[in-house]
Amino acid sequence: MTQTLADLTHHLIAAAQAAGADAADAVAVSGTSISIDVRNAELEEAQRAESTDIGLRVFVGLRSANVSASDTSDRTVGEMAERAVAMAREAPEDPHAGLATQAQLATDLDHSRLDLVDNGPEPDPAWLEEQARIAEAAAQEVAGVTQVQSASAGYGRRQVHMSASNGFSGGYESTGHSLSAVAIAGTGAEMERDYDFDSRIHLSDMHSARKIGHLAGERAVARQGARRPKTGTYPVLFDERISASLIGHLLSASNGTMIARGSSWLLGRDGEQVLPRGVDLIETPHRPRIAGSRLFDGEGLPTSERKIVEDGVLTGWTLDLATARKLGLESTANASRGTSGPPSPSVSHVTLTPGAQSPEELMRDMGTGLLVTSMIGSTINPNTGDYSRGASGFWIENGAIAYPVNECTIAGNLNDMLARIVPSNDARAHISRVVPSLLIDGMTLAGA
């Protein structure tokens with residue numbers, strides 16, 4: 001009989017206990033992926049990968065160790081367990097490490113209501129190649145596009161199971177379809193590049209290949225003739241494609257690992273205003289048909305909707321069991337883990353309160369300023385929140401797009417920037433971080 005992932009994790013736990021572990025947890029991940037790349041209407045690369053990876057964490061008293069492997073044979077499992085226990089006995093003591101109690105464990109383990117699996121057949125590689133060709137051709141049809149750097153289609157199917165000696169055993173499966181195109185307009189030093197892509201659980205939800213290719217081409221052409229804007233202080237509108245990065249900085253700074261280390265610009269600001277009044281930032285881990293939705297975290301605790309920021313006020317920190325114990329708090333069920341390391345706190349799905357205005361209306365109100373559509377590089381001080389990033393996009397004059405810009409830097413401080421955000425109403429509902437375009441007034445712009 002074929003060994004299931006659940007069987008594998010149970011086998012790992014039993015082997016760890018036989019080797020002398022006081023407690024253990026294990027995770028097994030199995031996946032299939034197909035990727036197809038097309039260039040100049042010819043197949044450039046085709047890959048198919050199948051793998052199963054296993055990870056084991058053991059506890060010997062207050063000491064712990066983690067090991068992983070991609071071989072699932074009985075011999076490897078036994079060797080992993082013995083090695084992990086030997087490593088744990090030499091590790092320093094950590095009074096905060098340990099498994100969840102049985103009372104803390106999730107009991108709702110049926111992921112079917114999250115609709116994470118497309119039950120249709122695995123796509124034929126020839127069909128994926130044809131979709132990439134269609135996207136490439138659609139981009140090339142846009143006047144001004146000189147070449148298509150890449151057109152890619154992919155598919156994946158993934159299974160995860162986790163077990164622990166505290167009695168937890170749960171898993172889930174998910175599928176994913178993706179398609180992307182990167183177009184280039186102009187030649188030589190005048191070349192400009194842009195892209196479009198879509199990634200969904202269900203094939204029926206995907207944008208068409210033609211739409212993706214065409215939009216990539218239009219975006220690249222719109223960037224032609226870019227110039228450096230004038231240095232000064234202006235309002236900056238972060239396009240929806242990149243606005244989630246701003247909220248990502250808040251999520252990183254409120255992560256329990258950063259707080260426990262004392263290296264966060266949000267340290268001591270729990271219970272204080274960090275976003276404008278009326279704005280919530282909500283963790284939404286149970287959204288159907290969205291990659292990464294989950295009923296339990298990487299330590300078996302039940303996940304739930306949580307207001308990270310409520311009416312602009314930071315409610316607390318994002319915690320797993322270890323960071324919660326260090327801070328004298330309760331876990332927020334945000335443990336994330338793979339096979340090669342212990343859990344750590346993270347947030348995948350969030351929704352920011354939208355505004356009432358469209359991006360066009362915000363541009364009209366801002367008058368003169370910068371619409372940022374892409375960013376490069378990053379200089380962010382985790383202790384102070386000082387922010388500086390290279391940016392490109394479009395200059396706004398009299399409330400409308402005037403011309404494309406590049407080679408500029410935008411700077412500010414995240415404490416001040418986030419407190420002044422004005423959200424738009426254009427967030428995409430099918431991505432993990434539902435964050436609309438964000439307007440911030442009075443940022444420093446270094447250009448010509």
# chains A, B, ... in the order shown; residues from 1 in each chain; ligands from 1

call {"tool": "select_by_dssp", "arguments": {"residues": "segment 177-328 of chain A", "states": "strand (DSSP E)", "output": "PDB file with C-alpha atoms, in the first residue's frame"}}
result
ATOM      1  CA  HIS A 177      -2.670  27.811 -12.204  1.00  0.00           C
ATOM      2  CA  SER A 178      -0.517  30.716 -13.414  1.00  0.00           C
ATOM      3  CA  LEU A 179       0.196  32.692 -16.572  1.00  0.00           C
ATOM      4  CA  SER A 180       2.462  35.688 -17.115  1.00  0.00           C
ATOM      5  CA  ALA A 181       3.958  37.868 -19.831  1.00  0.00           C
ATOM      6  CA  VAL A 182       6.791  40.429 -19.750  1.00  0.00           C
ATOM      7  CA  ALA A 183       6.888  42.883 -22.661  1.00  0.00           C
ATOM      8  CA  ILE A 184       9.578  45.337 -23.774  1.00  0.00           C
ATOM      9  CA  ALA A 185       8.968  48.562 -25.684  1.00  0.00           C
ATOM     10  CA  GLU A 192      11.106  49.954 -21.057  1.00  0.00           C
ATOM     11  CA  ARG A 193       9.659  46.783 -19.565  1.00  0.00           C
ATOM     12  CA  ASP A 194       6.414  45.864 -17.818  1.00  0.00           C
ATOM     13  CA  TYR A 195       4.308  42.790 -17.148  1.00  0.00           C
ATOM     14  CA  ASP A 196       0.981  41.239 -16.294  1.00  0.00           C
ATOM     15  CA  PHE A 197       0.158  37.907 -14.689  1.00  0.00           C
ATOM     16  CA  ASP A 198      -2.621  35.931 -13.070  1.00  0.00           C
ATOM     17  CA  SER A 199      -2.502  33.119 -10.532  1.00  0.00           C
ATOM     18  CA  ARG A 200      -5.560  31.229  -9.281  1.00  0.00           C
ATOM     19  CA  GLY A 232      10.772  68.174  -4.099  1.00  0.00           C
ATOM     20  CA  THR A 233       7.977  67.242  -1.717  1.00  0.00           C
ATOM     21  CA  TYR A 234       4.872  65.849  -3.422  1.00  0.00           C
ATOM     22  CA  PRO A 235       1.905  63.546  -2.874  1.00  0.00           C
ATOM     23  CA  VAL A 236       2.650  59.977  -3.949  1.00  0.00           C
ATOM     24  CA  LEU A 237       0.033  57.450  -5.074  1.00  0.00           C
ATOM     25  CA  PHE A 238       1.185  53.838  -4.702  1.00  0.00           C
ATOM     26  CA  LEU A 281      -6.326  45.804   8.763  1.00  0.00           C
ATOM     27  CA  ILE A 282      -7.902  42.370   9.147  1.00  0.00           C
ATOM     28  CA  GLU A 283      -6.263  38.974   8.917  1.00  0.00           C
ATOM     29  CA  ARG A 306      -8.220  38.891  13.544  1.00  0.00           C
ATOM     30  CA  LYS A 307      -8.105  42.674  13.497  1.00  0.00           C
ATOM     31  CA  ILE A 308      -4.424  43.545  13.449  1.00  0.00           C
ATOM     32  CA  VAL A 309      -5.383  47.213  13.270  1.00  0.00           C
ATOM     33  CA  GLU A 310      -8.848  48.357  14.355  1.00  0.00           C
ATOM     34  CA  VAL A 313      -5.185  51.388  16.322  1.00  0.00           C
ATOM     35  CA  LEU A 314      -2.625  48.564  16.496  1.00  0.00           C
TER      36      LEU A 314
END

call {"tool": "select_by_dssp", "arguments": {"residues": "segment 51-188 of chain A", "states": "helix (DSSP H, G or I)", "output": "PDB file with N, CA and C atoms, in the first residue's frame"}}
result
ATOM      1  N   ASP A  74      12.349   4.038   5.191  1.00  0.00           N
ATOM      2  CA  ASP A  74      12.388   3.740   6.618  1.00  0.00           C
ATOM      3  C   ASP A  74      13.774   4.010   7.193  1.00  0.00           C
ATOM      4  N   ARG A  75      14.797   3.686   6.434  1.00  0.00           N
ATOM      5  CA  ARG A  75      16.153   3.900   6.912  1.00  0.00           C
ATOM      6  C   ARG A  75      16.415   5.394   7.151  1.00  0.00           C
ATOM      7  N   THR A  76      16.008   6.234   6.207  1.00  0.00           N
ATOM      8  CA  THR A  76      16.222   7.672   6.355  1.00  0.00           C
ATOM      9  C   THR A  76      15.437   8.216   7.534  1.00  0.00           C
ATOM     10  N   VAL A  77      14.196   7.768   7.694  1.00  0.00           N
ATOM     11  CA  VAL A  77      13.378   8.229   8.817  1.00  0.00           C
ATOM     12  C   VAL A  77      14.054   7.886  10.137  1.00  0.00           C
ATOM     13  N   GLY A  78      14.565   6.663  10.255  1.00  0.00           N
ATOM     14  CA  GLY A  78      15.248   6.264  11.483  1.00  0.00           C
ATOM     15  C   GLY A  78      16.501   7.081  11.742  1.00  0.00           C
ATOM     16  N   GLU A  79      17.285   7.313  10.678  1.00  0.00           N
ATOM     17  CA  GLU A  79      18.508   8.105  10.826  1.00  0.00           C
ATOM     18  C   GLU A  79      18.187   9.557  11.188  1.00  0.00           C
ATOM     19  N   MET A  80      17.126  10.105  10.581  1.00  0.00           N
ATOM     20  CA  MET A  80      16.722  11.472  10.909  1.00  0.00           C
ATOM     21  C   MET A  80      16.389  11.600  12.385  1.00  0.00           C
ATOM     22  N   ALA A  81      15.608  10.663  12.889  1.00  0.00           N
ATOM     23  CA  ALA A  81      15.197  10.714  14.287  1.00  0.00           C
ATOM     24  C   ALA A  81      16.397  10.651  15.220  1.00  0.00           C
ATOM     25  N   GLU A  82      17.321   9.736  14.958  1.00  0.00           N
ATOM     26  CA  GLU A  82      18.503   9.594  15.810  1.00  0.00           C
ATOM     27  C   GLU A  82      19.371  10.849  15.754  1.00  0.00           C
ATOM     28  N   ARG A  83      19.541  11.389  14.543  1.00  0.00           N
ATOM     29  CA  ARG A  83      20.360  12.597  14.392  1.00  0.00           C
ATOM     30  C   ARG A  83      19.722  13.789  15.092  1.00  0.00           C
ATOM     31  N   ALA A  84      18.395  13.935  14.962  1.00  0.00           N
ATOM     32  CA  ALA A  84      17.700  15.056  15.576  1.00  0.00           C
ATOM     33  C   ALA A  84      17.811  14.999  17.100  1.00  0.00           C
ATOM     34  N   VAL A  85      17.636  13.819  17.664  1.00  0.00           N
ATOM     35  CA  VAL A  85      17.734  13.687  19.123  1.00  0.00           C
ATOM     36  C   VAL A  85      19.154  13.989  19.590  1.00  0.00           C
ATOM     37  N   ALA A  86      20.148  13.499  18.865  1.00  0.00           N
ATOM     38  CA  ALA A  86      21.541  13.781  19.220  1.00  0.00           C
ATOM     39  C   ALA A  86      21.832  15.277  19.150  1.00  0.00           C
ATOM     40  N   MET A  87      21.305  15.954  18.120  1.00  0.00           N
ATOM     41  CA  MET A  87      21.498  17.400  17.988  1.00  0.00           C
ATOM     42  C   MET A  87      20.816  18.146  19.116  1.00  0.00           C
ATOM     43  N   ALA A  88      19.594  17.717  19.456  1.00  0.00           N
ATOM     44  CA  ALA A  88      18.839  18.400  20.507  1.00  0.00           C
ATOM     45  C   ALA A  88      19.567  18.313  21.848  1.00  0.00           C
ATOM     46  N   ARG A  89      20.199  17.182  22.121  1.00  0.00           N
ATOM     47  CA  ARG A  89      20.896  17.027  23.398  1.00  0.00           C
ATOM     48  C   ARG A  89      22.087  17.983  23.537  1.00  0.00           C
ATOM     49  N   GLU A  90      22.597  18.455  22.397  1.00  0.00           N
ATOM     50  CA  GLU A  90      23.720  19.397  22.411  1.00  0.00           C
ATOM     51  C   GLU A  90      23.277  20.854  22.266  1.00  0.00           C
ATOM     52  N   GLN A 102      -3.063  20.085  24.276  1.00  0.00           N
ATOM     53  CA  GLN A 102      -4.193  19.526  23.543  1.00  0.00           C
ATOM     54  C   GLN A 102      -5.365  20.495  23.509  1.00  0.00           C
ATOM     55  N   ALA A 103      -5.544  21.256  24.570  1.00  0.00           N
ATOM     56  CA  ALA A 103      -6.662  22.201  24.629  1.00  0.00           C
ATOM     57  C   ALA A 103      -6.511  23.321  23.604  1.00  0.00           C
ATOM     58  N   GLN A 104      -5.283  23.588  23.164  1.00  0.00           N
ATOM     59  CA  GLN A 104      -5.050  24.664  22.190  1.00  0.00           C
ATOM     60  C   GLN A 104      -5.255  24.220  20.752  1.00  0.00           C
ATOM     61  N   HIS A 111     -10.715  21.034   5.239  1.00  0.00           N
ATOM     62  CA  HIS A 111     -10.427  22.182   4.369  1.00  0.00           C
ATOM     63  C   HIS A 111     -11.330  22.262   3.142  1.00  0.00           C
ATOM     64  N   SER A 112     -12.243  21.340   2.980  1.00  0.00           N
ATOM     65  CA  SER A 112     -13.058  21.328   1.762  1.00  0.00           C
ATOM     66  C   SER A 112     -13.862  22.611   1.596  1.00  0.00           C
ATOM     67  N   ARG A 113     -14.270  23.223   2.699  1.00  0.00           N
ATOM     68  CA  ARG A 113     -15.059  24.459   2.576  1.00  0.00           C
ATOM     69  C   ARG A 113     -14.229  25.634   2.069  1.00  0.00           C
ATOM     70  N   LEU A 114     -12.907  25.499   2.085  1.00  0.00           N
ATOM     71  CA  LEU A 114     -12.057  26.561   1.556  1.00  0.00           C
ATOM     72  C   LEU A 114     -11.866  26.455   0.048  1.00  0.00           C
ATOM     73  N   PRO A 125       0.747  19.696 -20.975  1.00  0.00           N
ATOM     74  CA  PRO A 125       1.827  20.648 -21.244  1.00  0.00           C
ATOM     75  C   PRO A 125       1.689  21.347 -22.596  1.00  0.00           C
ATOM     76  N   ALA A 126       1.151  20.643 -23.599  1.00  0.00           N
ATOM     77  CA  ALA A 126       0.956  21.262 -24.913  1.00  0.00           C
ATOM     78  C   ALA A 126      -0.061  22.393 -24.822  1.00  0.00           C
ATOM     79  N   TRP A 127      -1.083  22.210 -23.976  1.00  0.00           N
ATOM     80  CA  TRP A 127      -2.087  23.268 -23.806  1.00  0.00           C
ATOM     81  C   TRP A 127      -1.471  24.465 -23.076  1.00  0.00           C
ATOM     82  N   LEU A 128      -0.641  24.200 -22.055  1.00  0.00           N
ATOM     83  CA  LEU A 128       0.031  25.289 -21.358  1.00  0.00           C
ATOM     84  C   LEU A 128       0.938  26.059 -22.316  1.00  0.00           C
ATOM     85  N   GLU A 129       1.631  25.344 -23.175  1.00  0.00           N
ATOM     86  CA  GLU A 129       2.489  25.998 -24.169  1.00  0.00           C
ATOM     87  C   GLU A 129       1.675  26.897 -25.075  1.00  0.00           C
ATOM     88  N   GLU A 130       0.503  26.422 -25.485  1.00  0.00           N
ATOM     89  CA  GLU A 130      -0.355  27.219 -26.363  1.00  0.00           C
ATOM     90  C   GLU A 130      -0.831  28.486 -25.653  1.00  0.00           C
ATOM     91  N   GLN A 131      -1.148  28.400 -24.352  1.00  0.00           N
ATOM     92  CA  GLN A 131      -1.564  29.590 -23.608  1.00  0.00           C
ATOM     93  C   GLN A 131      -0.433  30.612 -23.537  1.00  0.00           C
ATOM     94  N   ALA A 132       0.787  30.137 -23.332  1.00  0.00           N
ATOM     95  CA  ALA A 132       1.932  31.053 -23.303  1.00  0.00           C
ATOM     96  C   ALA A 132       2.142  31.703 -24.668  1.00  0.00           C
ATOM     97  N   ARG A 133       1.940  30.925 -25.748  1.00  0.00           N
ATOM     98  CA  ARG A 133       2.070  31.486 -27.097  1.00  0.00           C
ATOM     99  C   ARG A 133       1.020  32.568 -27.343  1.00  0.00           C
ATOM    100  N   ILE A 134      -0.200  32.322 -26.888  1.00  0.00           N
ATOM    101  CA  ILE A 134      -1.277  33.306 -27.081  1.00  0.00           C
ATOM    102  C   ILE A 134      -0.949  34.600 -26.347  1.00  0.00           C
ATOM    103  N   ALA A 135      -0.452  34.475 -25.113  1.00  0.00           N
ATOM    104  CA  ALA A 135      -0.081  35.670 -24.347  1.00  0.00           C
ATOM    105  C   ALA A 135       1.041  36.433 -25.037  1.00  0.00           C
ATOM    106  N   GLU A 136       2.043  35.712 -25.528  1.00  0.00           N
ATOM    107  CA  GLU A 136       3.155  36.357 -26.218  1.00  0.00           C
ATOM    108  C   GLU A 136       2.675  37.078 -27.475  1.00  0.00           C
ATOM    109  N   ALA A 137       1.834  36.424 -28.250  1.00  0.00           N
ATOM    110  CA  ALA A 137       1.336  37.027 -29.491  1.00  0.00           C
ATOM    111  C   ALA A 137       0.498  38.268 -29.197  1.00  0.00           C
ATOM    112  N   ALA A 138      -0.304  38.217 -28.135  1.00  0.00           N
ATOM    113  CA  ALA A 138      -1.140  39.368 -27.790  1.00  0.00           C
ATOM    114  C   ALA A 138      -0.286  40.565 -27.396  1.00  0.00           C
ATOM    115  N   ALA A 139       0.812  40.310 -26.686  1.00  0.00           N
ATOM    116  CA  ALA A 139       1.717  41.402 -26.319  1.00  0.00           C
ATOM    117  C   ALA A 139       2.397  41.980 -27.554  1.00  0.00           C
ATOM    118  N   GLN A 140       2.809  41.123 -28.476  1.00  0.00           N
ATOM    119  CA  GLN A 140       3.503  41.577 -29.682  1.00  0.00           C
ATOM    120  C   GLN A 140       2.598  42.383 -30.601  1.00  0.00           C
ATOM    121  N   GLY A 188      17.530  49.672 -27.319  1.00  0.00           N
ATOM    122  CA  GLY A 188      18.731  50.245 -26.726  1.00  0.00           C
ATOM    123  C   GLY A 188      18.488  50.819 -25.352  1.00  0.00           C
TER     124      GLY A 188
END

call {"tool": "closest_residue", "arguments": {"among": "A:Leu267, A:Ala143, A:Ile376, A:Ala448", "to": "Arg389 of chain A", "atoms": "only C-alpha atoms"}}
result
A:Ile376

call {"tool": "residues_around", "arguments": {"residues": "Leu319 of chain A", "least_positions_apart": "2", "cutoff": "7 Å", "atoms": "only C-alpha atoms", "output": "ChimeraX atom specification"}}
result
/A:255-256,317,321,323-324,331-334,345

call {"tool": "residues_around", "arguments": {"residues": "segment 16-30 of chain A", "least_positions_apart": "2", "cutoff": "7 Å", "atoms": "only C-alpha atoms", "output": "PyMOL selection string"}}
result
chain A and resi 5+9+12-14+51-61+81-82+85+158-165+339

call {"tool": "closest_residue", "arguments": {"among": "A:Ser388, A:Thr373, A:Ser378, A:Asn383", "to": "Glu240 of chain A", "atoms": "only C-alpha atoms"}}
result
A:Thr373

call {"tool": "closest_residue", "arguments": {"among": "A:Asp37, A:Asp311, A:Asp441, A:Glu305", "to": "Thr368 of chain A", "atoms": "only C-alpha atoms"}}
result
A:Asp441

call {"tool": "closest_residue", "arguments": {"among": "A:Phe296, A:Trp395, A:Tyr387, A:Tyr403", "to": "Gly367 of chain A", "atoms": "only C-alpha atoms"}}
result
A:Trp395

call {"tool": "atom_distance", "arguments": {"atom1": "atom CA of Met363 of chain A", "atom2": "atom CA of Asn398 of chain A"}}
result
8.6 Å

call {"tool": "residues_around", "arguments": {"residues": "Val279 of chain A", "least_positions_apart": "3", "cutoff": "6 Å", "atoms": "only C-alpha atoms", "output": "number ranges by chain"}}
result
A: 276, 311-312, 353

call {"tool": "write_last_selection", "arguments": {"atoms": "C-alpha atoms", "output": "mmCIF file, in the first residue's frame"}}
result
data_model
loop_
_atom_site.group_PDB
_atom_site.id
_atom_site.type_symbol
_atom_site.label_atom_id
_atom_site.label_comp_id
_atom_site.auth_asym_id
_atom_site.auth_seq_id
_atom_site.Cartn_x
_atom_site.Cartn_y
_atom_site.Cartn_z
ATOM 1 C CA PRO A 276 -5.925 56.698 9.983
ATOM 2 C CA ASP A 311 -10.040 51.886 13.621
ATOM 3 C CA GLY A 312 -6.419 52.781 12.987
ATOM 4 C CA THR A 353 -10.465 48.881 4.565
#

call {"tool": "atom_distance", "arguments": {"atom1": "atom CA of Thr303 of chain A", "atom2": "atom CA of Leu62 of chain A"}}
result
26.5 Å

call {"tool": "closest_residue", "arguments": {"among": "A:Arg157, A:Arg433, A:His286, A:Arg337", "to": "Arg241 of chain A", "atoms": "only C-alpha atoms"}}
result
A:Arg433

call {"tool": "residues_around", "arguments": {"residues": "Gln224 of chain A", "least_positions_apart": "3", "cutoff": "12 Å", "atoms": "only C-alpha atoms", "output": "VMD selection string"}}
result
chain A and resid 143 to 146 184 to 194 217 to 221 227 392 to 394 403 to 406
